[in-house]
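Source file: entry_23.cif. Holds: mmCIF, C-alpha atoms and all ligand atoms.
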data_entry
loop_
_atom_site.group_PDB
_atom_site.id
_atom_site.type_symbol
_atom_site.label_atom_id
_atom_site.label_comp_id
_atom_site.auth_asym_id
_atom_site.auth_seq_id
_atom_site.Cartn_x
_atom_site.Cartn_y
_atom_site.Cartn_z
ATOM 1 C CA MET A 30 34.620 33.623 -37.758
ATOM 2 C CA GLN A 31 32.609 36.480 -36.339
ATOM 3 C CA ARG A 32 29.109 35.519 -35.248
ATOM 4 C CA GLN A 33 26.235 36.955 -37.278
ATOM 5 C CA PRO A 34 23.046 36.933 -35.175
ATOM 6 C CA THR A 35 20.470 35.146 -37.319
ATOM 7 C CA ILE A 36 16.828 34.087 -37.239
ATOM 8 C CA GLU A 37 15.516 31.424 -39.562
ATOM 9 C CA TRP A 38 11.884 32.383 -39.997
ATOM 10 C CA GLN A 39 9.396 30.033 -41.586
ATOM 11 C CA THR A 40 7.087 32.769 -42.854
ATOM 12 C CA ASN A 41 4.403 30.338 -44.018
ATOM 13 C CA GLY A 42 3.795 26.634 -44.454
ATOM 14 C CA ILE A 43 2.083 26.632 -47.839
ATOM 15 C CA CYS A 44 4.053 25.656 -50.902
ATOM 16 C CA ASN A 45 3.101 25.530 -54.572
ATOM 17 C CA TYR A 46 5.222 22.402 -55.146
ATOM 18 C CA ASP A 47 4.952 18.908 -53.681
ATOM 19 C CA CYS A 48 8.431 17.446 -54.138
ATOM 20 C CA SER A 49 8.606 13.717 -53.498
ATOM 21 C CA TYR A 50 11.669 14.193 -51.253
ATOM 22 C CA CYS A 51 10.344 17.150 -49.231
ATOM 23 C CA ILE A 52 11.455 16.867 -45.617
ATOM 24 C CA GLN A 53 8.343 18.727 -44.477
ATOM 25 C CA SER A 54 5.340 16.435 -44.348
ATOM 26 C CA LYS A 55 2.207 17.613 -46.166
ATOM 27 C CA LYS A 56 0.498 17.967 -42.812
ATOM 28 C CA PHE A 57 2.897 20.757 -41.845
ATOM 29 C CA ARG A 58 3.231 22.276 -45.325
ATOM 30 C CA GLN A 59 0.223 24.508 -44.873
ATOM 31 C CA GLY A 60 -0.973 27.671 -43.154
ATOM 32 C CA TYR A 61 0.240 31.236 -42.971
ATOM 33 C CA PRO A 62 0.067 34.089 -40.456
ATOM 34 C CA SER A 63 -2.843 36.566 -40.374
ATOM 35 C CA ASP A 64 -2.308 40.275 -41.074
ATOM 36 C CA LYS A 65 -2.395 40.937 -37.345
ATOM 37 C CA GLU A 66 0.191 38.241 -36.671
ATOM 38 C CA ILE A 67 2.455 39.656 -39.391
ATOM 39 C CA GLU A 68 2.276 43.026 -37.648
ATOM 40 C CA LYS A 69 3.291 41.358 -34.378
ATOM 41 C CA PHE A 70 6.221 39.585 -36.045
ATOM 42 C CA LEU A 71 7.397 42.896 -37.488
ATOM 43 C CA ASP A 72 7.051 44.599 -34.077
ATOM 44 C CA PHE A 73 9.109 41.807 -32.560
ATOM 45 C CA PHE A 74 11.874 42.196 -35.162
ATOM 46 C CA ALA A 75 11.819 45.993 -34.687
ATOM 47 C CA CYS A 76 12.529 45.563 -30.946
ATOM 48 C CA LEU A 77 15.459 43.160 -31.357
ATOM 49 C CA PRO A 78 18.672 44.755 -30.150
ATOM 50 C CA GLY A 79 21.419 45.115 -32.768
ATOM 51 C CA LYS A 80 21.427 44.059 -36.376
ATOM 52 C CA TRP A 81 20.171 40.569 -37.164
ATOM 53 C CA GLU A 82 19.923 38.591 -40.359
ATOM 54 C CA ILE A 83 16.383 37.327 -40.920
ATOM 55 C CA LYS A 84 16.505 34.327 -43.242
ATOM 56 C CA MET A 85 13.052 33.483 -44.543
ATOM 57 C CA SER A 86 11.803 30.157 -45.827
ATOM 58 C CA GLY A 87 8.527 28.238 -46.015
ATOM 59 C CA GLY A 88 6.902 26.200 -47.512
ATOM 60 C CA GLU A 89 7.529 28.653 -50.278
ATOM 61 C CA PRO A 90 7.533 32.295 -49.114
ATOM 62 C CA PHE A 91 6.418 33.729 -52.454
ATOM 63 C CA ALA A 92 3.439 31.327 -52.536
ATOM 64 C CA PHE A 93 1.906 33.309 -49.663
ATOM 65 C CA LYS A 94 0.306 36.554 -50.848
ATOM 66 C CA GLY A 95 1.033 38.306 -47.553
ATOM 67 C CA PHE A 96 4.753 37.765 -48.116
ATOM 68 C CA MET A 97 5.019 40.434 -50.811
ATOM 69 C CA ASP A 98 2.009 42.457 -49.656
ATOM 70 C CA SER A 99 2.970 42.906 -45.999
ATOM 71 C CA ILE A 100 6.097 41.067 -44.842
ATOM 72 C CA ILE A 101 8.590 42.449 -47.351
ATOM 73 C CA PRO A 102 7.381 46.087 -47.207
ATOM 74 C CA GLY A 103 7.509 45.814 -43.394
ATOM 75 C CA LEU A 104 10.994 44.337 -43.299
ATOM 76 C CA ALA A 105 12.215 46.999 -45.737
ATOM 77 C CA LYS A 106 11.746 49.565 -42.936
ATOM 78 C CA LEU A 107 13.781 47.673 -40.329
ATOM 79 C CA PRO A 108 17.553 47.816 -39.785
ATOM 80 C CA HIS A 109 18.085 44.064 -40.162
ATOM 81 C CA ASN A 110 19.530 42.195 -43.113
ATOM 82 C CA ILE A 111 17.438 39.723 -45.060
ATOM 83 C CA SER A 112 18.069 36.370 -46.657
ATOM 84 C CA ILE A 113 15.697 34.089 -48.478
ATOM 85 C CA LEU A 114 15.289 30.455 -49.418
ATOM 86 C CA THR A 115 12.935 30.027 -52.364
ATOM 87 C CA ASN A 116 12.107 27.578 -55.121
ATOM 88 C CA LEU A 117 12.218 30.589 -57.484
ATOM 89 C CA SER A 118 8.816 29.818 -58.993
ATOM 90 C CA ALA A 119 7.680 33.426 -58.574
ATOM 91 C CA PRO A 120 7.490 35.340 -61.865
ATOM 92 C CA LEU A 121 10.453 37.562 -62.705
ATOM 93 C CA SER A 122 8.260 40.651 -62.254
ATOM 94 C CA ILE A 123 7.626 39.694 -58.616
ATOM 95 C CA LEU A 124 11.292 38.881 -58.047
ATOM 96 C CA GLU A 125 12.265 42.251 -59.467
ATOM 97 C CA LYS A 126 9.825 43.977 -57.116
ATOM 98 C CA PHE A 127 11.254 41.992 -54.199
ATOM 99 C CA VAL A 128 14.773 43.152 -55.062
ATOM 100 C CA SER A 129 13.647 46.749 -55.511
ATOM 101 C CA LEU A 130 12.119 46.704 -52.012
ATOM 102 C CA VAL A 131 14.868 44.958 -50.053
ATOM 103 C CA GLY A 132 17.800 44.457 -52.437
ATOM 104 C CA ASN A 133 19.966 46.869 -50.457
ATOM 105 C CA LYS A 134 19.776 44.600 -47.409
ATOM 106 C CA LEU A 135 19.907 41.162 -49.016
ATOM 107 C CA SER A 136 22.671 38.933 -47.630
ATOM 108 C CA VAL A 137 21.982 35.530 -49.132
ATOM 109 C CA VAL A 138 19.545 34.382 -51.796
ATOM 110 C CA SER A 139 19.318 30.572 -51.841
ATOM 111 C CA VAL A 140 17.346 29.231 -54.750
ATOM 112 C CA SER A 141 16.407 25.574 -54.778
ATOM 113 C CA LEU A 142 16.401 23.669 -58.025
ATOM 114 C CA HIS A 143 13.597 21.112 -57.990
ATOM 115 C CA LEU A 144 13.924 19.071 -61.153
ATOM 116 C CA GLU A 145 10.526 17.434 -60.616
ATOM 117 C CA TYR A 146 9.033 20.846 -61.456
ATOM 118 C CA VAL A 147 11.425 22.884 -63.592
ATOM 119 C CA ASP A 148 13.763 22.571 -66.525
ATOM 120 C CA ALA A 149 17.359 23.098 -65.430
ATOM 121 C CA LYS A 150 18.304 25.398 -68.326
ATOM 122 C CA GLU A 151 15.239 27.634 -67.886
ATOM 123 C CA PHE A 152 15.870 27.739 -64.148
ATOM 124 C CA THR A 153 19.530 28.664 -64.627
ATOM 125 C CA ASP A 154 18.582 31.425 -67.082
ATOM 126 C CA LYS A 155 16.158 32.826 -64.517
ATOM 127 C CA VAL A 156 18.846 32.778 -61.843
ATOM 128 C CA LYS A 157 21.235 34.608 -64.191
ATOM 129 C CA GLN A 158 18.636 37.339 -64.641
ATOM 130 C CA LEU A 159 18.155 37.568 -60.875
ATOM 131 C CA ARG A 160 21.934 37.822 -60.393
ATOM 132 C CA GLN A 161 21.985 40.961 -62.512
ATOM 133 C CA TRP A 162 19.562 42.694 -60.149
ATOM 134 C CA LEU A 163 21.446 41.837 -56.959
ATOM 135 C CA LYS A 164 24.223 43.891 -55.470
ATOM 136 C CA ASN A 165 27.690 42.403 -55.787
ATOM 137 C CA ASP A 166 27.998 41.348 -52.166
ATOM 138 C CA THR A 167 24.668 39.500 -52.068
ATOM 139 C CA ALA A 168 25.467 35.799 -52.244
ATOM 140 C CA LEU A 169 23.368 33.751 -54.642
ATOM 141 C CA VAL A 170 23.504 29.967 -54.556
ATOM 142 C CA ILE A 171 21.635 27.178 -56.281
ATOM 143 C CA ASN A 172 20.705 24.419 -53.846
ATOM 144 C CA ASN A 173 20.275 20.953 -55.193
ATOM 145 C CA VAL A 174 19.078 17.985 -53.152
ATOM 146 C CA LEU A 175 21.043 14.875 -54.095
ATOM 147 C CA VAL A 176 18.067 12.660 -54.800
ATOM 148 C CA PRO A 177 19.047 8.966 -55.031
ATOM 149 C CA ASN A 178 18.968 7.385 -58.498
ATOM 150 C CA THR A 179 19.162 10.799 -60.191
ATOM 151 C CA LEU A 180 22.784 11.531 -59.377
ATOM 152 C CA GLU A 181 24.332 10.796 -62.803
ATOM 153 C CA ASN A 182 22.100 13.506 -64.229
ATOM 154 C CA LEU A 183 23.073 15.906 -61.430
ATOM 155 C CA LEU A 184 26.689 15.791 -62.581
ATOM 156 C CA SER A 185 25.609 17.536 -65.779
ATOM 157 C CA ILE A 186 23.373 19.920 -63.804
ATOM 158 C CA LYS A 187 26.380 20.893 -61.692
ATOM 159 C CA ASP A 188 28.341 21.575 -64.915
ATOM 160 C CA LEU A 189 25.497 23.635 -66.325
ATOM 161 C CA VAL A 190 25.251 25.773 -63.177
ATOM 162 C CA GLU A 191 28.985 26.290 -62.838
ATOM 163 C CA SER A 192 29.530 27.026 -66.514
ATOM 164 C CA SER A 193 26.872 29.743 -66.136
ATOM 165 C CA GLY A 194 29.078 31.394 -63.520
ATOM 166 C CA LEU A 195 26.732 30.429 -60.676
ATOM 167 C CA LYS A 196 27.366 28.660 -57.381
ATOM 168 C CA TYR A 197 26.181 25.056 -57.096
ATOM 169 C CA PHE A 198 25.415 23.947 -53.539
ATOM 170 C CA PRO A 199 24.706 20.217 -53.184
ATOM 171 C CA GLN A 200 22.758 18.928 -50.209
ATOM 172 C CA VAL A 201 22.575 15.323 -49.153
ATOM 173 C CA MET A 202 19.028 14.088 -48.853
ATOM 174 C CA LYS A 203 17.713 13.987 -45.330
ATOM 175 C CA THR A 204 15.130 11.707 -43.837
ATOM 176 C CA LYS A 205 13.166 12.071 -40.629
ATOM 177 C CA HIS A 206 15.973 10.301 -38.779
ATOM 178 C CA GLY A 207 19.148 11.554 -40.419
ATOM 179 C CA VAL A 208 20.826 11.308 -43.798
ATOM 180 C CA PHE A 209 19.542 9.027 -46.560
ATOM 181 C CA PRO A 210 21.632 5.813 -46.747
ATOM 182 C CA TYR A 211 22.974 6.060 -50.319
ATOM 183 C CA SER A 212 23.974 2.873 -52.117
ATOM 184 C CA GLU A 213 27.703 2.376 -52.651
ATOM 185 C CA SER A 214 27.498 3.443 -56.305
ATOM 186 C CA ASP A 215 25.398 6.519 -55.479
ATOM 187 C CA GLN A 216 27.793 7.409 -52.653
ATOM 188 C CA ALA A 217 30.671 7.540 -55.158
ATOM 189 C CA ILE A 218 28.702 10.076 -57.226
ATOM 190 C CA VAL A 219 27.772 12.038 -54.102
ATOM 191 C CA VAL A 220 31.497 12.520 -53.503
ATOM 192 C CA LYS A 221 31.949 13.732 -57.086
ATOM 193 C CA LEU A 222 29.172 16.262 -56.538
ATOM 194 C CA THR A 223 30.213 17.509 -53.105
ATOM 195 C CA GLY A 224 33.969 16.984 -53.116
ATOM 196 C CA LYS A 225 35.753 14.650 -50.684
ATOM 197 C CA SER A 226 35.543 16.709 -47.515
ATOM 198 C CA PRO A 227 33.626 19.885 -48.275
ATOM 199 C CA THR A 228 33.237 22.697 -45.775
ATOM 200 C CA SER A 229 29.762 23.880 -44.784
ATOM 201 C CA LYS A 230 30.171 26.599 -47.404
ATOM 202 C CA GLN A 231 30.660 24.088 -50.198
ATOM 203 C CA ALA A 232 28.010 21.467 -49.465
ATOM 204 C CA ASN A 233 25.510 20.386 -46.859
ATOM 205 C CA LEU A 234 26.433 16.940 -45.585
ATOM 206 C CA ALA A 235 24.392 17.359 -42.380
ATOM 207 C CA PRO A 236 27.351 16.550 -40.113
ATOM 208 C CA SER A 237 27.449 16.206 -36.347
ATOM 209 C CA TYR A 238 29.059 18.934 -34.238
ATOM 210 C CA LYS A 239 28.384 17.049 -31.016
ATOM 211 C CA GLY A 240 30.498 18.409 -28.178
ATOM 212 C CA LEU A 241 31.329 21.730 -29.828
ATOM 213 C CA VAL A 242 30.130 24.928 -28.190
ATOM 214 C CA CYS A 243 27.137 26.320 -30.112
ATOM 215 C CA TRP A 244 25.476 29.714 -29.783
ATOM 216 C CA SER A 245 22.094 28.515 -31.014
ATOM 217 C CA GLY A 246 19.382 29.889 -28.762
ATOM 218 C CA VAL A 247 21.645 32.822 -27.876
ATOM 219 C CA GLU A 248 22.392 34.509 -31.191
ATOM 220 C CA TYR A 249 20.570 32.152 -33.538
ATOM 221 C CA PHE A 250 17.115 30.618 -33.437
ATOM 222 C CA VAL A 251 14.385 29.221 -35.645
ATOM 223 C CA LEU A 252 10.940 30.765 -35.666
ATOM 224 C CA ASP A 253 7.817 29.123 -37.078
ATOM 225 C CA GLN A 254 4.786 30.729 -38.698
ATOM 226 C CA LYS A 255 2.860 30.478 -35.420
ATOM 227 C CA GLY A 256 5.485 32.435 -33.504
ATOM 228 C CA HIS A 257 7.123 29.509 -31.696
ATOM 229 C CA ALA A 258 10.897 29.885 -31.348
ATOM 230 C CA TRP A 259 13.433 27.085 -30.880
ATOM 231 C CA ALA A 260 17.189 27.099 -30.386
ATOM 232 C CA CYS A 261 17.806 25.200 -33.637
ATOM 233 C CA ARG A 262 16.150 22.787 -36.039
ATOM 234 C CA THR A 263 17.401 19.652 -34.346
ATOM 235 C CA ALA A 264 16.403 20.934 -30.918
ATOM 236 C CA LYS A 265 12.914 21.572 -32.324
ATOM 237 C CA ARG A 266 12.718 18.048 -33.717
ATOM 238 C CA PHE A 267 13.375 16.690 -30.232
ATOM 239 C CA GLN A 268 10.997 19.283 -28.704
ATOM 240 C CA GLU A 269 13.906 20.773 -26.776
ATOM 241 C CA GLY A 270 15.390 24.266 -26.644
ATOM 242 C CA TYR A 271 12.019 26.014 -26.690
ATOM 243 C CA LEU A 272 12.471 29.787 -26.357
ATOM 244 C CA GLY A 273 8.791 30.809 -26.121
ATOM 245 C CA ASN A 274 6.389 32.452 -28.529
ATOM 246 C CA VAL A 275 7.069 35.871 -30.024
ATOM 247 C CA LEU A 276 3.348 36.477 -30.728
ATOM 248 C CA GLU A 277 2.466 35.822 -27.095
ATOM 249 C CA ASN A 278 5.365 37.838 -25.655
ATOM 250 C CA THR A 279 6.868 34.783 -23.965
ATOM 251 C CA PHE A 280 10.064 34.717 -26.034
ATOM 252 C CA LYS A 281 13.385 34.779 -24.242
ATOM 253 C CA LEU A 282 16.884 34.096 -25.566
ATOM 254 C CA LYS A 283 19.272 31.871 -23.619
ATOM 255 C CA SER A 284 22.120 33.768 -22.009
ATOM 256 C CA LEU A 285 24.948 31.282 -22.560
ATOM 257 C CA PRO A 286 26.006 28.881 -25.329
ATOM 258 C CA LEU A 287 26.120 25.141 -24.633
ATOM 259 C CA ALA A 288 27.914 22.141 -26.081
ATOM 260 C CA CYS A 289 25.914 20.565 -28.904
ATOM 261 C CA LYS A 290 24.458 17.190 -27.965
ATOM 262 C CA TYR A 291 22.994 16.178 -31.317
ATOM 263 C CA ASP A 292 24.115 13.650 -33.933
ATOM 264 C CA ILE A 293 23.076 15.799 -36.905
ATOM 265 C CA CYS A 294 23.162 19.492 -37.761
ATOM 266 C CA PRO A 295 20.856 19.458 -40.782
ATOM 267 C CA CYS A 296 21.199 23.028 -41.971
ATOM 268 C CA THR A 297 24.379 24.982 -42.770
ATOM 269 C CA VAL A 298 23.059 28.329 -41.510
ATOM 270 C CA PRO A 299 24.364 28.078 -37.909
ATOM 271 C CA ALA A 300 27.744 26.822 -39.124
ATOM 272 C CA ASN A 301 28.057 29.548 -41.738
ATOM 273 C CA ARG A 302 27.059 32.315 -39.299
ATOM 274 C CA GLY A 303 29.853 31.464 -36.861
ATOM 275 C CA MET A 304 27.558 29.870 -34.252
ATOM 276 C CA ILE A 305 29.596 26.716 -33.808
ATOM 277 C CA GLU A 306 32.963 27.309 -32.229
ATOM 278 C CA GLY A 307 36.011 25.767 -33.852
ATOM 279 C CA ILE A 308 34.806 25.470 -37.459
ATOM 280 C CA ASN A 309 34.851 27.773 -40.509
ATOM 281 C CA LYS A 310 37.531 30.202 -39.466
ATOM 282 C CA THR A 311 37.045 32.574 -42.408
ATOM 283 C CA ALA A 312 34.506 35.387 -42.319
ATOM 284 C CA TYR A 313 32.656 34.652 -45.546
ATOM 285 C CA TYR A 314 29.415 32.794 -45.858
ATOM 286 C CA GLU A 315 27.223 31.880 -48.782
ATOM 287 C CA ASN A 316 24.322 29.839 -47.562
HETATM 288 S S1 LIG A 401 9.612 23.420 -52.871
HETATM 289 FE FE1 LIG A 401 10.630 22.994 -50.930
HETATM 290 S S2 LIG A 401 8.984 23.158 -49.365
HETATM 291 FE FE2 LIG A 401 7.987 23.003 -51.393
HETATM 292 S S3 LIG A 401 7.545 20.794 -51.619
HETATM 293 FE FE3 LIG A 401 9.542 21.212 -52.616
HETATM 294 S S4 LIG A 401 11.093 20.787 -51.012
HETATM 295 FE FE4 LIG A 401 9.082 21.015 -50.010
HETATM 296 S S1 LIG A 402 22.503 20.751 -34.071
HETATM 297 FE FE1 LIG A 402 23.745 22.416 -34.963
HETATM 298 S S2 LIG A 402 22.655 24.304 -34.422
HETATM 299 FE FE2 LIG A 402 21.829 22.679 -33.120
HETATM 300 S S3 LIG A 402 23.031 22.777 -31.212
HETATM 301 FE FE3 LIG A 402 24.055 21.311 -32.569
HETATM 302 S S4 LIG A 402 25.592 22.471 -33.671
HETATM 303 FE FE4 LIG A 402 24.142 23.937 -32.796
#

As a first step, turn the structure in this file into structure tokens.
Ligand code: SF4
Ligand code: SF4
Amino acid sequence: MQRQPTIEWQTNGICNYDCSYCIQSKKFRQGYPSDKEIEKFLDFFACLPGKWEIKMSGGEPFAFKGFMDSIIPGLAKLPHNISILTNLSAPLSILEKFVSLVGNKLSVVSVSLHLEYVDAKEFTDKVKQLRQWLKNDTALVINNVLVPNTLENLLSIKDLVESSGLKYFPQVMKTKHGVFPYSESDQAIVVKLTGKSPTSKQANLAPSYKGLVCWSGVEYFVLDQKGHAWACRTAKRFQEGYLGNVLENTFKLKSLPLACKYDICPCTVPANRGMIEGINKTAYYEN
């Protein structure tokens, strides 16, 4: 699979939800960049060589006013592609404006279904409307965290999503230290929801790619709202793989890929952008 250089940018920490299973602690689910900092981020992206995919997440990006006021209009002028992870709570009018500004460069729209806050049918109807505004080659997926003790219900949610012609993307629940230890009965339902051995395009099981060569830090990195850049999420968790700060002009990519040394790769983005050698040999990604 050809590598797609990608940045995962946490545009802001604030979120309008407070899901009980959120992996981000409340302490870190706050804050956003100033207007001046947004300008610096945009200058940084403008100077990147080549065409990157900038995948934005939060918190909730649309919960930050500067996201639609400054970030999106700024990104619309740059040559890079855009992807977004959102809880889709923004009104349809805002979503339509978002698509009108950057729809021509949207790669992946990942919408997360949080059943503690929304009704599944209303959410699915909203996603169907959004689908109509997107170009055909923009991938649109519905993420669903497999919250323990709710899994029987998720089987019908999966049916609802798929019978609406939409893509259901299950994600095992993560904890600070790895994957949630499902009970035996829940594990059997997890398999029904994810399939027996799904690829990283079909489900997020947070596997380990230990020992495989990974281009994180070279053609992929994560960037937080304060400008700090890290080779990947797991590296950040261990306070390793620091690449500097893009707002302080200390950012530098690594020149060579290394073998992964971690027991968990929590997010499917590096896998689905061709960063990990030896997996996902096809050139199509959806998350
Ligand atoms: S919407 Fe996402 S970031 Fe916000 S509380 Fe829920 S899981 Fe956390
Ligand atoms: S955890 Fe994933 S992204 Fe990070 S080095 Fe390992 S394979 Fe690469």

Exercise for the section: Dump the neighbourhood of ligand LIG 402 (chain A) as a ChimeraX atom specification: all residues within 10 Å, distances computed on all atoms listed in the file. Expected result: /A:235-246,249-251,259-265,270,286-300,304-306

Exercise for the section: Select, from A:Ser136, A:Ser122, A:Thr167, A:Asn172, the residue with the minimum atom-to-atom distance to ligand LIG 401 (chain A), counting all atoms listed in the file. Expected result: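 Closest residue, counting all atoms listed in the file: A:Asn172.
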
Handout entry: 9 Å shell around ligand LIG 401 (chain A) using all atoms listed in the file, listed as JSON, numbers by chain
Key = {"A": [42, 43, 44, 45, 46, 47, 48, 49, 50, 51, 52, 53, 54, 55, 58, 86, 87, 88, 89, 114, 115, 116, 117, 118, 141, 142, 143, 145, 146, 174]}

Fill in the blank from the handout: Between A:Leu252, A:Val208, A:Leu183, A:Ala168, smallest distance to A:Lys221 by all atoms listed in the file belongs to A:Leu183

Exercise for the section: Determine, counting all atoms listed in the file, which protein, DNA and RNA residues have an atom within 6 Å of an atom of A:Lys134; residues of the same chain fewer than 3 positions away are not included. Present the result as number ranges by chain. Expected result: A: 110-111, 131

Exercise for the section: Decode the PyMOL selection byres (((chain A and resi 106) around 12) and not hetatm) for the given file into explicit residues and return them as a PyMOL selection string. Expected result: chain A and resi 71-72+74-75+99-105+107-111+130-131+133-134

Handout entry: the PyMOL selection byres (((chain A and resi 278) around 12) and not hetatm) resolved against shown file, as a PyMOL selection string
Key = chain A and resi 69-70+72-73+76+256-258+272-277+279-281

Handout entry: Distance query stretch 151-155 of chain A at most 7 Å, only C-alpha atoms, self and fewer than 4 positions along chain excluded, as a list of chain:residue names
Key =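 The contact residues come out as A:Val147, A:Leu159, A:Val190.
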
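Counting all atoms listed in the file, the residue from A:Val170, A:Asp64, A:Glu125, A:Phe209 that sits nearest to A:Val138 is A:Val170.
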
Problem - Between atom CA of A:Leu184 and atom CA of A:Lys225 - distance in Å to one decimal - result: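 These two atoms are separated by 15.0 Å.
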
Handout entry: Option closest in space to A:Val176, from A:Tyr211, A:Phe96, A:Trp81, A:Trp162 [counting only C-alpha atoms]
Key =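 Of A:Tyr211, A:Phe96, A:Trp81, A:Trp162, the one nearest A:Val176 is A:Tyr211, counting only C-alpha atoms.
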
Practice task
Go ahead and compute the interatomic distance for atom CA of A:Tyr61 and atom CA of A:Gly95, in Å to one decimal.
Solution key: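 Calculated distance between atom CA of A:Tyr61 and atom CA of A:Gly95 is 8.5 Å.
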
I need stretch 45-51 of chain A written out with all heavy atoms, as a compact mmCIF listing (two decimals), in the first residue's frame; please produce it.
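The new file out-v2.txt reads:
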# COMPACT_ATOMS: atom_id res chain seq x y z
N ASN A 45 -18.30 19.09 23.58
CA ASN A 45 -19.64 19.36 24.10
C ASN A 45 -20.29 18.13 24.71
O ASN A 45 -21.40 18.20 25.21
CB ASN A 45 -20.53 19.95 23.00
CG ASN A 45 -20.54 19.07 21.76
OD1 ASN A 45 -19.61 18.31 21.52
ND2 ASN A 45 -21.58 19.16 20.97
N TYR A 46 -19.63 16.97 24.63
CA TYR A 46 -20.13 15.76 25.28
C TYR A 46 -19.20 15.40 26.44
O TYR A 46 -18.10 15.95 26.57
CB TYR A 46 -20.14 14.57 24.30
CG TYR A 46 -21.20 14.62 23.20
CD1 TYR A 46 -21.27 13.60 22.26
CD2 TYR A 46 -22.12 15.66 23.10
CE1 TYR A 46 -22.22 13.61 21.24
CE2 TYR A 46 -23.07 15.67 22.09
CZ TYR A 46 -23.11 14.65 21.16
OH TYR A 46 -24.05 14.66 20.16
N ASP A 47 -19.64 14.43 27.23
CA ASP A 47 -18.81 13.93 28.33
C ASP A 47 -19.09 12.43 28.45
O ASP A 47 -19.66 11.98 29.44
CB ASP A 47 -19.16 14.69 29.62
CG ASP A 47 -18.30 14.26 30.78
OD1 ASP A 47 -17.22 13.66 30.54
OD2 ASP A 47 -18.70 14.49 31.95
N CYS A 48 -18.70 11.69 27.42
CA CYS A 48 -19.02 10.26 27.37
C CYS A 48 -18.33 9.52 28.51
O CYS A 48 -17.15 9.79 28.80
CB CYS A 48 -18.57 9.68 26.03
SG CYS A 48 -19.22 10.58 24.62
N SER A 49 -19.04 8.58 29.10
CA SER A 49 -18.49 7.89 30.28
C SER A 49 -17.23 7.09 29.92
O SER A 49 -16.39 6.82 30.77
CB SER A 49 -19.54 6.96 30.88
OG SER A 49 -19.91 5.99 29.92
N TYR A 50 -17.10 6.71 28.64
CA TYR A 50 -15.98 5.85 28.23
C TYR A 50 -14.89 6.64 27.50
O TYR A 50 -14.00 6.06 26.88
CB TYR A 50 -16.51 4.75 27.30
CG TYR A 50 -17.45 5.28 26.24
CD1 TYR A 50 -16.96 5.85 25.07
CD2 TYR A 50 -18.83 5.25 26.45
CE1 TYR A 50 -17.83 6.37 24.13
CE2 TYR A 50 -19.70 5.77 25.51
CZ TYR A 50 -19.20 6.33 24.35
OH TYR A 50 -20.04 6.86 23.43
N CYS A 51 -14.96 7.98 27.58
CA CYS A 51 -13.98 8.79 26.82
C CYS A 51 -12.56 8.47 27.30
O CYS A 51 -12.28 8.43 28.49
CB CYS A 51 -14.26 10.27 27.02
SG CYS A 51 -13.18 11.31 26.00
